[in-house]
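Okay, target_11.csv is below, CSV, C-alpha atoms:
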```csv
chain,number,residue,atom,x,y,z
A,1,MET,CA,13.7,26.4,-40.8
A,2,VAL,CA,15.6,24.8,-43.6
A,3,ASP,CA,19.4,24.8,-43.2
A,4,GLU,CA,21.7,25.9,-46.0
A,5,LYS,CA,22.8,22.4,-47.0
A,6,LEU,CA,19.2,21.3,-47.4
A,7,ARG,CA,18.3,24.5,-49.2
A,8,GLN,CA,21.0,23.6,-51.8
A,9,LEU,CA,19.6,20.1,-52.2
A,10,LEU,CA,16.1,21.4,-52.7
A,11,SER,CA,17.2,24.0,-55.3
A,12,PRO,CA,16.4,23.6,-59.0
A,13,VAL,CA,18.8,21.9,-61.3
A,14,ARG,CA,19.0,21.4,-65.1
A,15,ILE,CA,19.4,18.1,-66.9
A,16,ALA,CA,20.0,18.8,-70.6
A,17,SER,CA,17.1,21.1,-71.6
A,18,LEU,CA,15.0,20.2,-68.5
A,19,THR,CA,14.7,22.0,-65.2
A,20,LEU,CA,14.0,19.8,-62.2
A,21,ARG,CA,12.4,21.5,-59.2
A,22,ASN,CA,15.1,20.0,-56.9
A,23,ARG,CA,18.1,17.7,-56.8
A,24,VAL,CA,16.3,14.7,-55.2
A,25,PHE,CA,15.2,11.8,-57.4
A,26,VAL,CA,13.6,8.4,-56.9
A,27,PRO,CA,15.9,5.9,-58.6
A,28,GLY,CA,14.6,2.9,-60.5
A,29,HIS,CA,13.6,0.1,-58.2
A,30,THR,CA,11.5,-3.0,-59.0
A,31,THR,CA,8.0,-2.9,-57.6
A,32,ASN,CA,6.4,-5.9,-59.2
A,33,PHE,CA,3.2,-3.8,-59.8
A,34,GLY,CA,3.1,-4.7,-63.5
A,35,LEU,CA,0.6,-7.0,-65.2
A,36,HIS,CA,1.3,-8.7,-68.5
A,37,ASN,CA,4.5,-6.7,-68.6
A,38,GLU,CA,2.6,-3.4,-68.6
A,39,PRO,CA,2.2,-0.8,-65.9
A,40,THR,CA,-1.0,-0.8,-63.9
A,41,ALA,CA,-3.2,1.8,-62.1
A,42,ARG,CA,-1.5,0.6,-59.0
A,43,LEU,CA,1.9,1.6,-60.3
A,44,ALA,CA,0.7,5.0,-61.5
A,45,ALA,CA,-0.7,5.7,-58.1
A,46,TYR,CA,2.5,4.7,-56.4
A,47,HIS,CA,4.6,7.1,-58.5
A,48,ALA,CA,2.0,9.8,-58.3
A,49,GLU,CA,2.3,9.8,-54.5
A,50,ARG,CA,6.0,10.3,-54.6
A,51,ALA,CA,5.6,13.1,-57.1
A,52,ARG,CA,3.0,14.6,-54.8
A,53,GLY,CA,5.5,14.3,-52.0
A,54,GLY,CA,7.8,16.8,-53.8
A,55,VAL,CA,10.6,14.8,-55.4
A,56,GLY,CA,12.1,16.5,-58.5
A,57,LEU,CA,12.6,13.4,-60.7
A,58,ILE,CA,11.3,9.8,-60.8
A,59,ILE,CA,13.2,7.2,-62.8
A,60,THR,CA,11.1,4.1,-63.5
A,61,GLU,CA,12.1,0.6,-62.7
A,62,ALA,CA,13.7,-1.3,-65.6
A,63,ILE,CA,11.5,-1.4,-68.6
A,64,ARG,CA,12.6,-4.5,-70.6
A,65,VAL,CA,13.0,-3.8,-74.3
A,66,HIS,CA,12.5,-7.3,-75.6
A,67,PRO,CA,10.6,-10.4,-74.5
A,68,THR,CA,13.8,-12.4,-73.9
A,69,SER,CA,14.3,-10.0,-71.0
A,70,ALA,CA,10.8,-10.3,-69.5
A,71,GLY,CA,11.7,-12.8,-66.8
A,72,ARG,CA,8.2,-12.7,-65.4
A,73,SER,CA,4.8,-11.2,-66.3
A,74,ILE,CA,4.8,-8.7,-63.4
A,75,SER,CA,7.9,-6.9,-64.7
A,76,LEU,CA,7.6,-4.0,-67.1
A,77,GLY,CA,8.2,-4.2,-70.8
A,78,ALA,CA,7.9,-2.1,-74.0
A,79,PHE,CA,7.5,-4.9,-76.6
A,80,THR,CA,4.8,-3.5,-78.8
A,81,ASP,CA,3.0,-0.2,-79.4
A,82,ALA,CA,0.1,-1.5,-77.4
A,83,CYS,CA,1.9,-0.5,-74.2
A,84,VAL,CA,1.8,3.2,-74.9
A,85,PRO,CA,-1.5,4.1,-73.2
A,86,ALA,CA,-0.6,2.3,-70.0
A,87,TYR,CA,2.7,4.2,-69.7
A,88,GLN,CA,0.9,7.4,-70.6
A,89,ARG,CA,-1.3,7.0,-67.5
A,90,VAL,CA,1.9,6.8,-65.4
A,91,THR,CA,3.5,9.9,-66.9
A,92,ASP,CA,0.3,11.9,-66.6
A,93,ALA,CA,-0.1,10.9,-63.0
A,94,VAL,CA,3.5,12.1,-62.2
A,95,HIS,CA,3.3,15.3,-64.3
A,96,GLU,CA,0.0,16.3,-62.5
A,97,HIS,CA,2.1,16.8,-59.3
A,98,GLY,CA,5.0,18.7,-60.9
A,99,ALA,CA,7.7,16.1,-61.1
A,100,ARG,CA,9.6,14.9,-64.1
A,101,ILE,CA,9.8,11.2,-65.1
A,102,PHE,CA,12.4,9.3,-67.0
A,103,ALA,CA,12.0,5.7,-68.4
A,104,GLN,CA,14.8,3.3,-67.6
A,105,ILE,CA,15.3,0.9,-70.6
A,106,MET,CA,17.3,-2.3,-70.3
A,107,HIS,CA,17.8,-5.9,-71.2
A,108,ALA,CA,18.5,-8.1,-68.3
A,109,GLY,CA,20.6,-10.6,-70.2
A,110,ARG,CA,21.6,-13.8,-68.4
A,111,GLN,CA,19.4,-13.0,-65.4
A,112,ALA,CA,16.2,-13.4,-67.4
A,113,ASN,CA,16.0,-17.2,-67.2
A,114,GLY,CA,13.3,-17.5,-69.9
A,115,ASP,CA,10.7,-19.1,-67.7
A,116,ALA,CA,8.1,-16.5,-68.8
A,117,THR,CA,8.8,-16.8,-72.5
A,118,ARG,CA,10.2,-20.3,-72.8
A,119,THR,CA,13.3,-18.9,-74.3
A,120,ALA,CA,17.0,-19.2,-73.3
A,121,ALA,CA,18.5,-16.3,-71.5
A,122,TRP,CA,20.8,-14.1,-73.7
A,123,SER,CA,24.2,-13.0,-72.8
A,124,SER,CA,27.7,-12.2,-74.2
A,125,SER,CA,29.0,-15.6,-73.3
A,126,PRO,CA,27.6,-18.9,-71.9
A,127,VAL,CA,28.5,-17.9,-68.3
A,128,ALA,CA,25.8,-18.4,-65.6
A,129,TRP,CA,25.2,-15.7,-63.0
A,130,ALA,CA,25.2,-18.1,-60.1
A,131,ALA,CA,25.9,-21.7,-59.3
A,132,GLY,CA,22.9,-23.8,-60.5
A,133,ALA,CA,21.5,-21.0,-62.7
A,134,HIS,CA,20.6,-21.4,-66.3
A,135,VAL,CA,23.6,-21.2,-68.7
A,136,PRO,CA,22.7,-18.4,-71.1
A,137,HIS,CA,22.8,-18.5,-74.9
A,138,ALA,CA,25.8,-16.6,-76.4
A,139,MET,CA,24.2,-14.0,-78.7
A,140,GLY,CA,24.8,-14.2,-82.4
A,141,ARG,CA,24.8,-11.4,-84.9
A,142,HIS,CA,21.0,-11.6,-85.5
A,143,ASP,CA,20.4,-11.5,-81.7
A,144,LEU,CA,22.6,-8.5,-81.3
A,145,ALA,CA,20.8,-6.6,-84.1
A,146,THR,CA,17.5,-7.6,-82.6
A,147,VAL,CA,18.4,-6.1,-79.2
A,148,VAL,CA,19.7,-2.9,-80.7
A,149,ALA,CA,16.5,-2.5,-82.7
A,150,ALA,CA,14.4,-3.3,-79.6
A,151,PHE,CA,16.2,-0.5,-77.6
A,152,ALA,CA,15.3,2.0,-80.4
A,153,ALA,CA,11.7,0.8,-80.6
A,154,ALA,CA,11.3,1.1,-76.8
A,155,ALA,CA,12.8,4.6,-76.9
A,156,ARG,CA,10.2,5.7,-79.5
A,157,ARG,CA,7.4,4.1,-77.4
A,158,MET,CA,8.5,5.9,-74.3
A,159,ARG,CA,8.7,9.2,-76.1
A,160,ARG,CA,5.1,8.7,-77.3
A,161,SER,CA,4.1,7.8,-73.7
A,162,GLY,CA,5.1,11.3,-72.4
A,163,PHE,CA,8.3,10.5,-70.6
A,164,ASP,CA,10.7,13.5,-70.2
A,165,GLY,CA,13.8,11.5,-70.7
A,166,LEU,CA,15.5,8.0,-70.9
A,167,GLU,CA,18.0,6.2,-68.9
A,168,VAL,CA,19.9,3.4,-70.6
A,169,HIS,CA,20.9,0.8,-68.0
A,170,ALA,CA,24.4,-0.4,-68.5
A,171,GLY,CA,25.0,-1.5,-64.9
A,172,HIS,CA,24.0,-4.0,-62.2
A,173,GLY,CA,25.3,-6.9,-64.3
A,174,HIS,CA,22.6,-6.6,-66.9
A,175,LEU,CA,23.2,-7.3,-70.6
A,176,LEU,CA,25.2,-4.2,-71.6
A,177,GLN,CA,27.4,-4.7,-68.6
A,178,GLN,CA,27.8,-8.4,-69.4
A,179,PHE,CA,29.4,-7.2,-72.7
A,180,LEU,CA,31.4,-4.5,-71.1
A,181,SER,CA,32.9,-6.7,-68.4
A,182,PRO,CA,35.9,-9.1,-69.0
A,183,HIS,CA,34.5,-11.2,-66.2
A,184,THR,CA,31.5,-12.2,-68.3
A,185,ASN,CA,32.5,-11.4,-71.9
A,186,ARG,CA,34.6,-14.3,-73.2
A,187,ARG,CA,34.0,-13.7,-76.9
A,188,ASP,CA,36.7,-13.6,-79.6
A,189,ASP,CA,34.7,-11.7,-82.2
A,190,ASP,CA,34.1,-8.0,-82.8
A,191,TYR,CA,32.1,-7.8,-79.5
A,192,GLY,CA,34.8,-9.3,-77.2
A,193,GLY,CA,38.4,-9.0,-76.3
A,194,SER,CA,39.6,-5.4,-76.4
A,195,LEU,CA,37.8,-2.6,-74.6
A,196,ALA,CA,36.7,-1.1,-77.9
A,197,ASN,CA,35.1,-4.4,-78.9
A,198,ARG,CA,33.4,-4.9,-75.5
A,199,MET,CA,32.0,-1.4,-75.7
A,200,ARG,CA,30.6,-2.0,-79.2
A,201,LEU,CA,27.1,-3.1,-78.2
A,202,THR,CA,26.6,-0.2,-75.8
A,203,ARG,CA,27.7,2.2,-78.5
A,204,GLU,CA,25.3,0.7,-81.0
A,205,VAL,CA,22.5,0.9,-78.4
A,206,LEU,CA,23.2,4.6,-77.6
A,207,ASP,CA,23.4,5.4,-81.4
A,208,ALA,CA,20.1,3.7,-82.0
A,209,VAL,CA,18.3,5.4,-79.0
A,210,HIS,CA,19.6,8.8,-79.9
A,211,ALA,CA,18.5,8.3,-83.5
A,212,ALA,CA,15.1,7.2,-82.4
A,213,THR,CA,14.2,10.1,-80.1
A,214,ASP,CA,15.1,13.6,-79.2
A,215,LEU,CA,14.7,12.9,-75.4
A,216,PRO,CA,17.6,13.5,-73.1
A,217,VAL,CA,19.4,10.2,-72.5
A,218,GLY,CA,21.3,9.4,-69.3
A,219,LEU,CA,23.5,6.3,-68.6
A,220,ARG,CA,23.3,4.1,-65.5
A,221,ILE,CA,26.5,2.3,-64.7
A,222,SER,CA,28.1,0.2,-62.0
A,223,ALA,CA,31.3,1.9,-61.0
A,224,ASP,CA,32.7,-1.3,-59.5
A,225,GLU,CA,31.5,-4.9,-60.1
A,226,PHE,CA,33.3,-6.2,-57.0
A,227,LEU,CA,34.3,-9.3,-59.0
A,228,PRO,CA,37.7,-10.8,-59.8
A,229,GLY,CA,38.7,-9.7,-63.2
A,230,GLY,CA,35.7,-7.4,-63.5
A,231,LEU,CA,35.1,-3.8,-64.1
A,232,ASP,CA,36.5,-1.3,-61.5
A,233,PRO,CA,36.3,2.5,-61.2
A,234,ASP,CA,39.3,3.1,-63.4
A,235,ALA,CA,37.8,1.0,-66.2
A,236,MET,CA,34.4,2.6,-65.9
A,237,VAL,CA,35.9,6.2,-66.0
A,238,GLU,CA,37.6,5.3,-69.3
A,239,ILE,CA,34.4,3.7,-70.6
A,240,VAL,CA,32.3,6.8,-69.8
A,241,ALA,CA,35.0,9.1,-71.2
A,242,ARG,CA,34.9,7.2,-74.5
A,243,LEU,CA,31.2,7.1,-74.7
A,244,ARG,CA,30.9,10.8,-74.0
A,245,ALA,CA,33.2,11.5,-76.9
A,246,ASP,CA,30.6,10.6,-79.4
A,247,HIS,CA,27.3,10.4,-77.5
A,248,PRO,CA,25.5,13.4,-75.9
A,249,LEU,CA,24.9,11.9,-72.5
A,250,ALA,CA,22.6,13.9,-70.3
A,251,TYR,CA,24.1,12.5,-67.1
A,252,VAL,CA,25.8,9.5,-65.6
A,253,HIS,CA,24.0,7.6,-62.8
A,254,VAL,CA,26.7,6.0,-60.7
A,255,SER,CA,25.7,2.8,-58.9
A,256,HIS,CA,27.8,-0.3,-58.3
A,257,SER,CA,27.7,-4.2,-58.3
A,258,ALA,CA,26.8,-6.9,-60.7
A,259,TYR,CA,23.9,-9.3,-60.6
A,260,HIS,CA,26.1,-12.2,-59.5
A,261,GLY,CA,25.7,-14.9,-56.9
A,262,SER,CA,28.2,-13.4,-54.6
A,263,TRP,CA,28.8,-10.5,-52.2
A,264,SER,CA,28.6,-8.2,-55.3
A,265,LEU,CA,24.8,-8.6,-55.5
A,266,ALA,CA,24.4,-8.1,-51.7
A,267,THR,CA,25.8,-4.5,-52.1
A,268,GLN,CA,23.2,-3.5,-54.7
A,269,MET,CA,20.5,-2.9,-52.0
A,270,ALA,CA,22.9,-2.4,-49.1
A,271,ASP,CA,21.1,-3.4,-45.9
A,272,MET,CA,21.5,-2.3,-42.3
A,273,SER,CA,24.8,-4.2,-42.0
A,274,PHE,CA,26.4,-1.5,-44.1
A,275,GLY,CA,27.2,2.0,-42.8
A,276,HIS,CA,25.5,5.1,-44.1
A,277,ALA,CA,26.4,6.2,-47.7
A,278,PRO,CA,29.1,3.5,-48.0
A,279,PHE,CA,29.5,4.0,-51.8
A,280,ARG,CA,29.5,7.8,-52.0
A,281,HIS,CA,33.2,7.7,-53.1
A,282,HIS,CA,32.1,6.3,-56.5
A,283,ALA,CA,30.0,9.3,-57.4
A,284,ALA,CA,32.7,11.6,-56.1
A,285,ARG,CA,35.2,10.0,-58.5
A,286,PHE,CA,33.0,10.6,-61.5
A,287,SER,CA,32.2,14.2,-60.4
A,288,ARG,CA,36.0,14.9,-60.3
A,289,GLU,CA,36.6,13.3,-63.6
A,290,PHE,CA,33.6,14.8,-65.4
A,291,PRO,CA,32.9,18.2,-63.8
A,292,ASP,CA,30.7,19.3,-66.7
A,293,LEU,CA,28.5,16.1,-66.7
A,294,PRO,CA,25.7,15.8,-64.1
A,295,VAL,CA,26.4,12.9,-61.7
A,296,LEU,CA,23.6,11.1,-60.0
A,297,ALA,CA,24.5,9.2,-56.8
A,298,VAL,CA,22.6,6.4,-55.1
A,299,CYS,CA,22.6,3.6,-52.4
A,300,ARG,CA,22.1,3.8,-48.7
A,301,LEU,CA,21.5,7.5,-48.7
A,302,ASP,CA,19.1,7.2,-45.8
A,303,SER,CA,18.0,10.8,-45.3
A,304,LEU,CA,17.9,14.2,-47.0
A,305,PRO,CA,20.5,15.7,-44.6
A,306,GLU,CA,22.9,12.9,-45.5
A,307,ALA,CA,22.2,13.4,-49.2
A,308,ALA,CA,22.8,17.2,-48.8
A,309,GLU,CA,26.3,16.4,-47.5
A,310,LEU,CA,27.2,15.0,-51.0
A,311,ILE,CA,25.9,18.1,-52.7
A,312,ALA,CA,27.7,20.4,-50.4
A,313,ALA,CA,30.9,18.4,-50.9
A,314,GLY,CA,30.6,18.6,-54.7
A,315,GLU,CA,30.4,14.8,-54.9
A,316,ALA,CA,27.2,14.6,-56.9
A,317,ASP,CA,24.6,16.8,-58.6
A,318,LEU,CA,21.4,14.8,-57.9
A,319,LEU,CA,20.8,12.3,-55.0
A,320,GLY,CA,18.7,9.2,-55.3
A,321,LEU,CA,16.7,7.9,-52.4
A,322,ALA,CA,14.7,4.8,-53.3
A,323,ARG,CA,13.9,3.0,-50.0
A,324,PRO,CA,13.5,6.2,-48.0
A,325,HIS,CA,10.8,7.2,-50.6
A,326,ILE,CA,9.2,3.8,-50.2
A,327,ALA,CA,9.1,4.4,-46.4
A,328,ASP,CA,7.9,8.0,-46.7
A,329,PRO,CA,6.9,9.4,-50.2
A,330,HIS,CA,6.6,12.9,-48.7
A,331,LEU,CA,10.0,13.3,-47.2
A,332,VAL,CA,11.0,16.1,-49.6
A,333,ARG,CA,7.8,18.1,-48.9
A,334,LYS,CA,8.2,17.7,-45.2
A,335,ALA,CA,11.8,18.9,-45.3
A,336,ALA,CA,10.9,21.9,-47.5
A,337,GLU,CA,8.2,22.8,-44.9
A,338,GLY,CA,10.5,22.5,-41.9
A,339,ARG,CA,8.8,19.3,-40.8
A,340,GLN,CA,11.6,16.9,-41.3
A,341,HIS,CA,11.1,15.6,-37.8
A,342,GLU,CA,7.9,14.0,-39.0
A,343,THR,CA,9.7,11.8,-41.6
A,344,ARG,CA,9.1,8.1,-41.4
A,345,SER,CA,12.6,6.6,-41.7
A,346,CYS,CA,13.7,3.6,-43.7
A,347,LEU,CA,15.2,0.9,-41.7
A,348,ALA,CA,17.2,-0.7,-44.5
A,349,CYS,CA,15.8,-4.0,-43.4
A,350,ASN,CA,15.0,-5.0,-47.0
A,351,GLN,CA,12.1,-7.2,-45.8
A,352,GLY,CA,9.2,-5.5,-47.6
A,353,CYS,CA,11.1,-4.4,-50.7
A,354,ILE,CA,13.9,-6.4,-52.1
A,355,ALA,CA,13.0,-9.6,-50.2
A,356,ARG,CA,9.6,-9.7,-51.8
A,357,VAL,CA,11.0,-8.7,-55.2
A,358,GLU,CA,13.2,-11.8,-55.1
A,359,ALA,CA,10.2,-13.9,-54.2
A,360,SER,CA,8.3,-12.4,-57.3
A,361,LEU,CA,5.9,-10.6,-55.0
A,362,PRO,CA,4.8,-6.9,-55.1
A,363,ILE,CA,6.8,-4.7,-52.7
A,364,THR,CA,5.5,-3.5,-49.3
A,365,CYS,CA,7.2,-1.7,-46.5
A,366,VAL,CA,7.4,-2.6,-42.8
A,367,VAL,CA,7.1,1.1,-41.8
A,368,ASN,CA,4.6,2.2,-44.5
A,369,PRO,CA,1.4,0.2,-44.9
A,370,GLU,CA,0.3,2.4,-47.9
A,371,VAL,CA,2.9,1.1,-50.3
A,372,GLY,CA,1.1,-0.4,-53.3
A,373,VAL,CA,-2.4,0.5,-52.0
A,374,GLU,CA,-2.1,4.3,-52.3
A,375,ARG,CA,-5.5,4.6,-54.0
A,376,GLU,CA,-7.3,2.6,-51.3
A,377,TRP,CA,-5.8,4.7,-48.5
A,378,ALA,CA,-6.7,7.9,-50.3
A,379,SER,CA,-10.3,6.6,-50.8
A,380,ALA,CA,-10.5,5.7,-47.1
A,381,ARG,CA,-9.4,9.2,-46.1
A,382,ARG,CA,-12.2,10.7,-48.1
A,383,ARG,CA,-14.9,8.7,-46.5
A,384,PRO,CA,-16.8,10.5,-43.7
A,385,VAL,CA,-16.1,9.4,-40.2
A,386,PRO,CA,-19.2,7.8,-38.7
A,387,ALA,CA,-20.6,9.7,-35.8
A,388,ARG,CA,-20.0,8.0,-32.5
A,389,ARG,CA,-23.0,6.8,-30.5
A,390,VAL,CA,-23.2,8.1,-27.1
```
Mind turning the file's structure into structure tokens?
Amino acid sequence: MVDEKLRQLLSPVRIASLTLRNRVFVPGHTTNFGLHNEPTARLAAYHAERARGGVGLIITEAIRVHPTSAGRSISLGAFTDACVPAYQRVTDAVHEHGARIFAQIMHAGRQANGDATRTAAWSSSPVAWAAGAHVPHAMGRHDLATVVAAFAAAARRMRRSGFDGLEVHAGHGHLLQQFLSPHTNRRDDDYGGSLANRMRLTREVLDAVHAATDLPVGLRISADEFLPGGLDPDAMVEIVARLRADHPLAYVHVSHSAYHGSWSLATQMADMSFGHAPFRHHAARFSREFPDLPVLAVCRLDSLPEAAELIAAGEADLLGLARPHIADPHLVRKAAEGRQHETRSCLACNQGCIARVEASLPITCVVNPEVGVEREWASARRRPVPARRV
């Protein structure tokens, strides 16, 4: 039996012109399954398994729009047209199992230390993200135009690759947030100072992306940077309201934090020291402020019943479960079939996922040995079991 709250969570929902089979999505999370900044068969199989498990929408990990954001060769990028066939294999694998897939496009800004490309990291101002980190290059007019053009080019490539939509990442302390935030933006030109100026690059990116493709475009934000003098929910509500006034946003994906060497970064993948759904109030705020805009909620939503509570309370329209889908890619299907008791639960230990990402290693999971080797496990299951000798 499926209770009423779960039934609502598992009901179809529309994003722009698209219908998703349910309100559960896999949010973007780094896997380090790339090679030469392109997706691999390993990544396609990873996402295909989550689609087969019943999720309605998958949002890719961050796809870097320009080589200055690459950071390392195992990250994903969309630097040239040559990447299209590799991404097409990912979208085909997901569509085969009935899910939709959006491409998250971004520039990491000051976090991309340039080791992979032998270039300086780019940012709004020469402010390092942590003590001892590289001091980034303050972008000039040519750099800004280059990034805007790169977002547009990436959007076109993702459209050709078969993605159903795009998510522009303006949160988690990445480049667009570095311009939006007074904590990092110390500029005194047209891209700094007033809120209108600090929003200028994000506006130009959205303009370019919308001009480049007809795909639905959502926006990922950090509702609170948790930094002194940084962005807070009041500021982000105003920013979203201004952006909505002249950009047809398909949704707002409400996260939190900044990539900063402080407690702020520790909240981004909230571990077991945090309580359940500790940041749900952020999504609820945006749902109240923008009742006609789909709101996506994320972070430490550990189970479908917990996610269903936010839907029932009107605090969000779609719920993102990243680590629970790493632990059990079939949690949606099991719930729909009344087998939720069979779900393999995430521990929020962060050992196999984010700890390995920070070490530039492919993700694993302490409760799911199949992560990243889905093809091999599927092949092993197809092999006949040898007859036992008596």
Considering all atoms listed in the file, tabulate each residue of range 160-277 of chain A that lies at most 10 Å from range 311-335 of chain A along with its nearest interatomic pair and the corresponding distance in Å to one decimal; arrange the rows by chain and ascending residue number and present them as CSV.
```
residue,atom,partner,partner_atom,distance
A:Tyr251,CA,A:Asp317,CA,9.5
A:His253,CA,A:Leu318,CA,9.1
A:Val254,CA,A:Ala316,CA,9.4
A:Met269,CA,A:Arg323,CA,9.1
```
Residue neighbourhood range 36-46 of chain A, 10 Å, only C-alpha atoms, exclusion window fewer than 3 positions, as a ChimeraX atom specification: /A:31-33,49-51,63-64,67,70-79,82-94,326,329,370-376
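Here CA of Gly140 in chain A is placed at a distance of 16.6 Å from CA of Ala108 in chain A.
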Can you find the residues with an atom no farther than 12 Å from (23.8, -18.7, -69.0), counting all atoms listed in the file, and report them as a ChimeraX atom specification? /A:108-114,119-139,175,178,184-185,260
Within 12 Å of Val295 in chain A, counting all atoms listed in the file, which residues show up once you throw out same-chain ones fewer than 2 positions away? Write them as a VMD selection string, please. chain A and resid 13 to 15 23 218 to 221 240 249 to 255 280 282 to 293 297 to 298 310 to 311 314 to 320
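Among the candidates A:Ala99, A:Leu231, A:Leu10, A:Ala16, the one nearest to Ala258 in chain A when counting all atoms listed in the file is A:Leu231.
Comparing the minimum interatomic distances between Val367 in chain A and each of A:Leu296, A:Ala154, A:Ala355, A:Cys346, counting all atoms listed in the file, we find that A:Cys346 sits nearest.
Here CA of Ser181 in chain A is placed at a distance of 16.3 Å from CA of Val205 in chain A.
In terms of minimum interatomic distance to Ala145 in chain A, A:Arg200 ranks closest within A:Arg200, A:Arg383, A:Arg118, A:Arg7, counting all atoms listed in the file.
Our summary of the geometry notes that CA of Ile105 in chain A is positioned 26.6 Å from CA of Pro278 in chain A.
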